[in-house]
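I have placed the structure first, in the form of structure tokens, so that the comments after it can refer back to it.
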Amino acid sequence: MQRFVSHSVQDTEKIAAKLAERLKGGEVIAFTGPMGMGKTAFTRGLVLALGGGDVVSSPTFALVNEYDARLTVQHFDMYRVSGWDDLYSTGFFDYLDTDNVLVIEWSENIDGALPENTIYVHMEKGETETERIITIEGIDL
């Protein structure tokens, strides 16, 4: 488990870029942590580092956004998923059978469906308004 301290959105994107360097395809990245911690900013940093654009938005209403880069990234928001029926309706299990990188916000809601080798990114508030503590487990950076 590795711990990082971010003091800004740019720091969060740089930490995500370090993770992007290690990705080969087929990884599942599960975010945990409260709303407003920078999960979408982390995803933007990941997509940018993989050679995609910087237009990354939270998939709250779409449930999944796709970004083309060196590796295709599928960005899920599982906030409103409350059971297996909801999860099946997203098509999530079909995505697991690809070489795409799956990035999942509110992964707590689907914890039982995540594969063994899931990379967890926990984000929490630090000592100041902009500081975030980011803990990554499941991969060495």
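In the structure tokens, each chain is lettered A, B, ... as it comes, each chain's residues begin at 1, and ligands are numbered from 1 in order of appearance.
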
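Within the 7 Å cut-off around Phe4 in chain A, using only C-alpha atoms and omitting residues fewer than 4 positions from it on the same chain, the listed residues are Ile133, Ile134 and Thr135 of chain A.
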
Using the selection just defined, write its residues with C-alpha atoms as a JSON list (two decimals), in the first residue's frame.
```json
[["chain", "number", "residue", "atom", "x", "y", "z"],
["A", 133, "ILE", "CA", -4.66, 11.75, 1.19],
["A", 134, "ILE", "CA", -4.55, 9.17, -1.60],
["A", 135, "THR", "CA", -3.80, 5.56, -0.73]]
```

Please, which residues of chain A, numbered as in this document, come out alpha helix (DSSP H) from DSSP, as number ranges by chain? A: 9-22, 39-49, 84-89, 92-95

Any idea what the distance is between CA of Asp68 in chain A and CA of Asn100 in chain A? 9.8 Å

Rows by chain and residue number, range 48-131 of chain A within 10 Å of range 18-27 of chain A, shortest pair, only C-alpha atoms, as a tab-separated table:
```
residue	atom	partner	partner_atom	distance
A:Leu48	CA	A:Ala20	CA	9.0
A:Ala49	CA	A:Ala20	CA	6.1
A:Leu50	CA	A:Ala20	CA	6.3
A:Gly51	CA	A:Ala20	CA	10.0
A:Arg70	CA	A:Gly25	CA	9.3
A:Leu71	CA	A:Gly25	CA	6.2
A:Thr72	CA	A:Gly25	CA	8.1
A:Val73	CA	A:Gly25	CA	9.0
A:Tyr95	CA	A:Gly26	CA	9.2
A:Leu96	CA	A:Gly26	CA	7.5
A:Asp97	CA	A:Gly26	CA	8.0
A:Thr98	CA	A:Gly26	CA	6.2
A:Asp99	CA	A:Gly26	CA	4.0
A:Asn100	CA	A:Gly26	CA	4.9
A:Val101	CA	A:Glu27	CA	5.0
A:Leu102	CA	A:Glu27	CA	6.3
A:Val103	CA	A:Glu27	CA	8.5
A:Pro115	CA	A:Glu27	CA	9.4
A:Asn117	CA	A:Glu27	CA	7.9
A:Thr118	CA	A:Glu27	CA	6.9
A:Ile119	CA	A:Glu27	CA	7.4
```

Between CA of Glu66 in chain A and CA of Arg132 in chain A, what distance in Å does the model show, to one decimal?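 So the two atoms, CA of Glu66 in chain A and CA of Arg132 in chain A, lie 25.9 Å apart.
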
Just want the 6 Å neighbourhood of range 74-88 of chain A, counted on only C-alpha atoms, with same-chain residues fewer than 6 positions away dropped. Output as number ranges by chain. A: 59-60, 63-66, 102-106

Taking only C-alpha atoms into account, which of A:Ser58, A:Thr130, A:Thr12, A:Asn109 comes nearest Thr40 in chain A?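 Checking each candidate against Thr40 in chain A, we get A:Ser58 as the closest.
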
Separation of CA of Leu141 in chain A and CA of Phe31 in chain A, in Å? 16.6 Å

Determine, counting only C-alpha atoms, which protein, DNA and RNA residues have an atom within 7 Å of an atom of Gly52 in chain A; residues of the same chain fewer than 5 positions away are not included. Present the result as a PyMOL selection string. chain A and resi 47+67-69

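Shortest separation to Val56 in chain A among A:Ala41, A:Ala16, A:Ala30, A:Val5 occurs at residue A:Ala41, atoms counted being only C-alpha atoms.
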
Apply DSSP to the backbone of this structure and, from range 4-121 of chain A, keep only the residues in strand (DSSP E); write these as a tab-separated table (two decimals) with N, CA, C and O atoms, in the first residue's frame.
```
chain	number	residue	atom	x	y	z
A	4	PHE	N	0.01	8.84	-0.72
A	4	PHE	CA	0.43	10.09	-1.34
A	4	PHE	C	-0.37	11.23	-0.74
A	4	PHE	O	-1.52	11.04	-0.34
A	5	VAL	N	0.22	12.41	-0.71
A	5	VAL	CA	-0.48	13.61	-0.27
A	5	VAL	C	-0.57	14.55	-1.46
A	5	VAL	O	0.45	14.90	-2.06
A	6	SER	N	-1.79	14.92	-1.81
A	6	SER	CA	-2.03	15.86	-2.89
A	6	SER	C	-2.44	17.20	-2.29
A	6	SER	O	-3.27	17.25	-1.39
A	28	VAL	N	-8.78	-3.13	-13.28
A	28	VAL	CA	-9.95	-2.53	-12.65
A	28	VAL	C	-9.44	-1.65	-11.52
A	28	VAL	O	-8.72	-2.11	-10.64
A	29	ILE	N	-9.79	-0.36	-11.57
A	29	ILE	CA	-9.38	0.60	-10.56
A	29	ILE	C	-10.63	1.05	-9.82
A	29	ILE	O	-11.54	1.63	-10.43
A	30	ALA	N	-10.68	0.78	-8.54
A	30	ALA	CA	-11.87	1.06	-7.73
A	30	ALA	C	-11.57	2.20	-6.75
A	30	ALA	O	-10.67	2.09	-5.93
A	31	PHE	N	-12.33	3.27	-6.89
A	31	PHE	CA	-12.20	4.41	-5.97
A	31	PHE	C	-13.10	4.22	-4.76
A	31	PHE	O	-14.23	3.76	-4.88
A	32	THR	N	-12.59	4.61	-3.60
A	32	THR	CA	-13.41	4.72	-2.41
A	32	THR	C	-13.15	6.09	-1.81
A	32	THR	O	-12.10	6.68	-2.02
A	64	VAL	N	-21.63	5.31	-17.39
A	64	VAL	CA	-20.30	4.97	-17.89
A	64	VAL	C	-19.93	5.92	-19.03
A	64	VAL	O	-20.74	6.19	-19.91
A	65	ASN	N	-18.71	6.46	-18.96
A	65	ASN	CA	-18.13	7.25	-20.05
A	65	ASN	C	-16.93	6.50	-20.57
A	65	ASN	O	-16.22	5.84	-19.81
A	66	GLU	N	-16.68	6.62	-21.86
A	66	GLU	CA	-15.54	5.94	-22.47
A	66	GLU	C	-14.57	6.97	-23.03
A	66	GLU	O	-14.98	7.94	-23.67
A	67	TYR	N	-13.28	6.73	-22.79
A	67	TYR	CA	-12.23	7.62	-23.27
A	67	TYR	C	-11.22	6.82	-24.07
A	67	TYR	O	-10.70	5.79	-23.60
A	73	VAL	N	-10.34	3.61	-21.71
A	73	VAL	CA	-10.74	3.73	-20.31
A	73	VAL	C	-12.26	3.83	-20.25
A	73	VAL	O	-12.86	4.68	-20.92
A	74	GLN	N	-12.89	2.95	-19.47
A	74	GLN	CA	-14.31	3.05	-19.18
A	74	GLN	C	-14.44	3.54	-17.74
A	74	GLN	O	-13.91	2.93	-16.82
A	75	HIS	N	-15.13	4.64	-17.58
A	75	HIS	CA	-15.25	5.35	-16.30
A	75	HIS	C	-16.70	5.20	-15.80
A	75	HIS	O	-17.62	5.75	-16.37
A	76	PHE	N	-16.87	4.43	-14.74
A	76	PHE	CA	-18.18	4.12	-14.18
A	76	PHE	C	-18.48	4.95	-12.95
A	76	PHE	O	-17.59	5.24	-12.15
A	77	ASP	N	-19.75	5.27	-12.76
A	77	ASP	CA	-20.24	5.86	-11.52
A	77	ASP	C	-21.29	4.91	-10.96
A	77	ASP	O	-22.36	4.74	-11.54
A	101	VAL	N	-9.27	-0.48	-19.44
A	101	VAL	CA	-9.08	-0.12	-18.04
A	101	VAL	C	-10.44	0.36	-17.52
A	101	VAL	O	-11.04	1.27	-18.10
A	102	LEU	N	-10.91	-0.26	-16.45
A	102	LEU	CA	-12.18	0.14	-15.84
A	102	LEU	C	-11.88	0.98	-14.60
A	102	LEU	O	-11.14	0.53	-13.72
A	103	VAL	N	-12.44	2.16	-14.56
A	103	VAL	CA	-12.27	3.07	-13.43
A	103	VAL	C	-13.65	3.23	-12.81
A	103	VAL	O	-14.60	3.63	-13.50
A	104	ILE	N	-13.76	2.93	-11.52
A	104	ILE	CA	-15.08	2.84	-10.89
A	104	ILE	C	-15.18	3.77	-9.69
A	104	ILE	O	-14.50	3.58	-8.68
A	105	GLU	N	-16.03	4.78	-9.83
A	105	GLU	CA	-16.35	5.64	-8.68
A	105	GLU	C	-17.46	4.97	-7.88
A	105	GLU	O	-18.30	4.28	-8.44
A	119	ILE	N	-7.31	-2.84	-8.29
A	119	ILE	CA	-6.45	-1.80	-7.72
A	119	ILE	C	-7.38	-0.83	-6.99
A	119	ILE	O	-8.32	-0.30	-7.58
A	120	TYR	N	-7.12	-0.61	-5.71
A	120	TYR	CA	-7.95	0.30	-4.92
A	120	TYR	C	-7.26	1.64	-4.73
A	120	TYR	O	-6.07	1.68	-4.38
A	121	VAL	N	-8.02	2.71	-4.96
A	121	VAL	CA	-7.54	4.07	-4.74
A	121	VAL	C	-8.50	4.70	-3.74
A	121	VAL	O	-9.65	4.98	-4.05
```

Selected residue, from A:Phe92, A:Met35, A:Glu108, A:Gln2, that lies nearest to Lys125 in chain A when counting only C-alpha atoms: A:Met35

Of the residues A:Leu46, A:Met37, A:Val55, A:Ile110, which is the one nearest to Glu13 in chain A, using only C-alpha atoms?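 The closest residue to Glu13 in chain A is A:Leu46.
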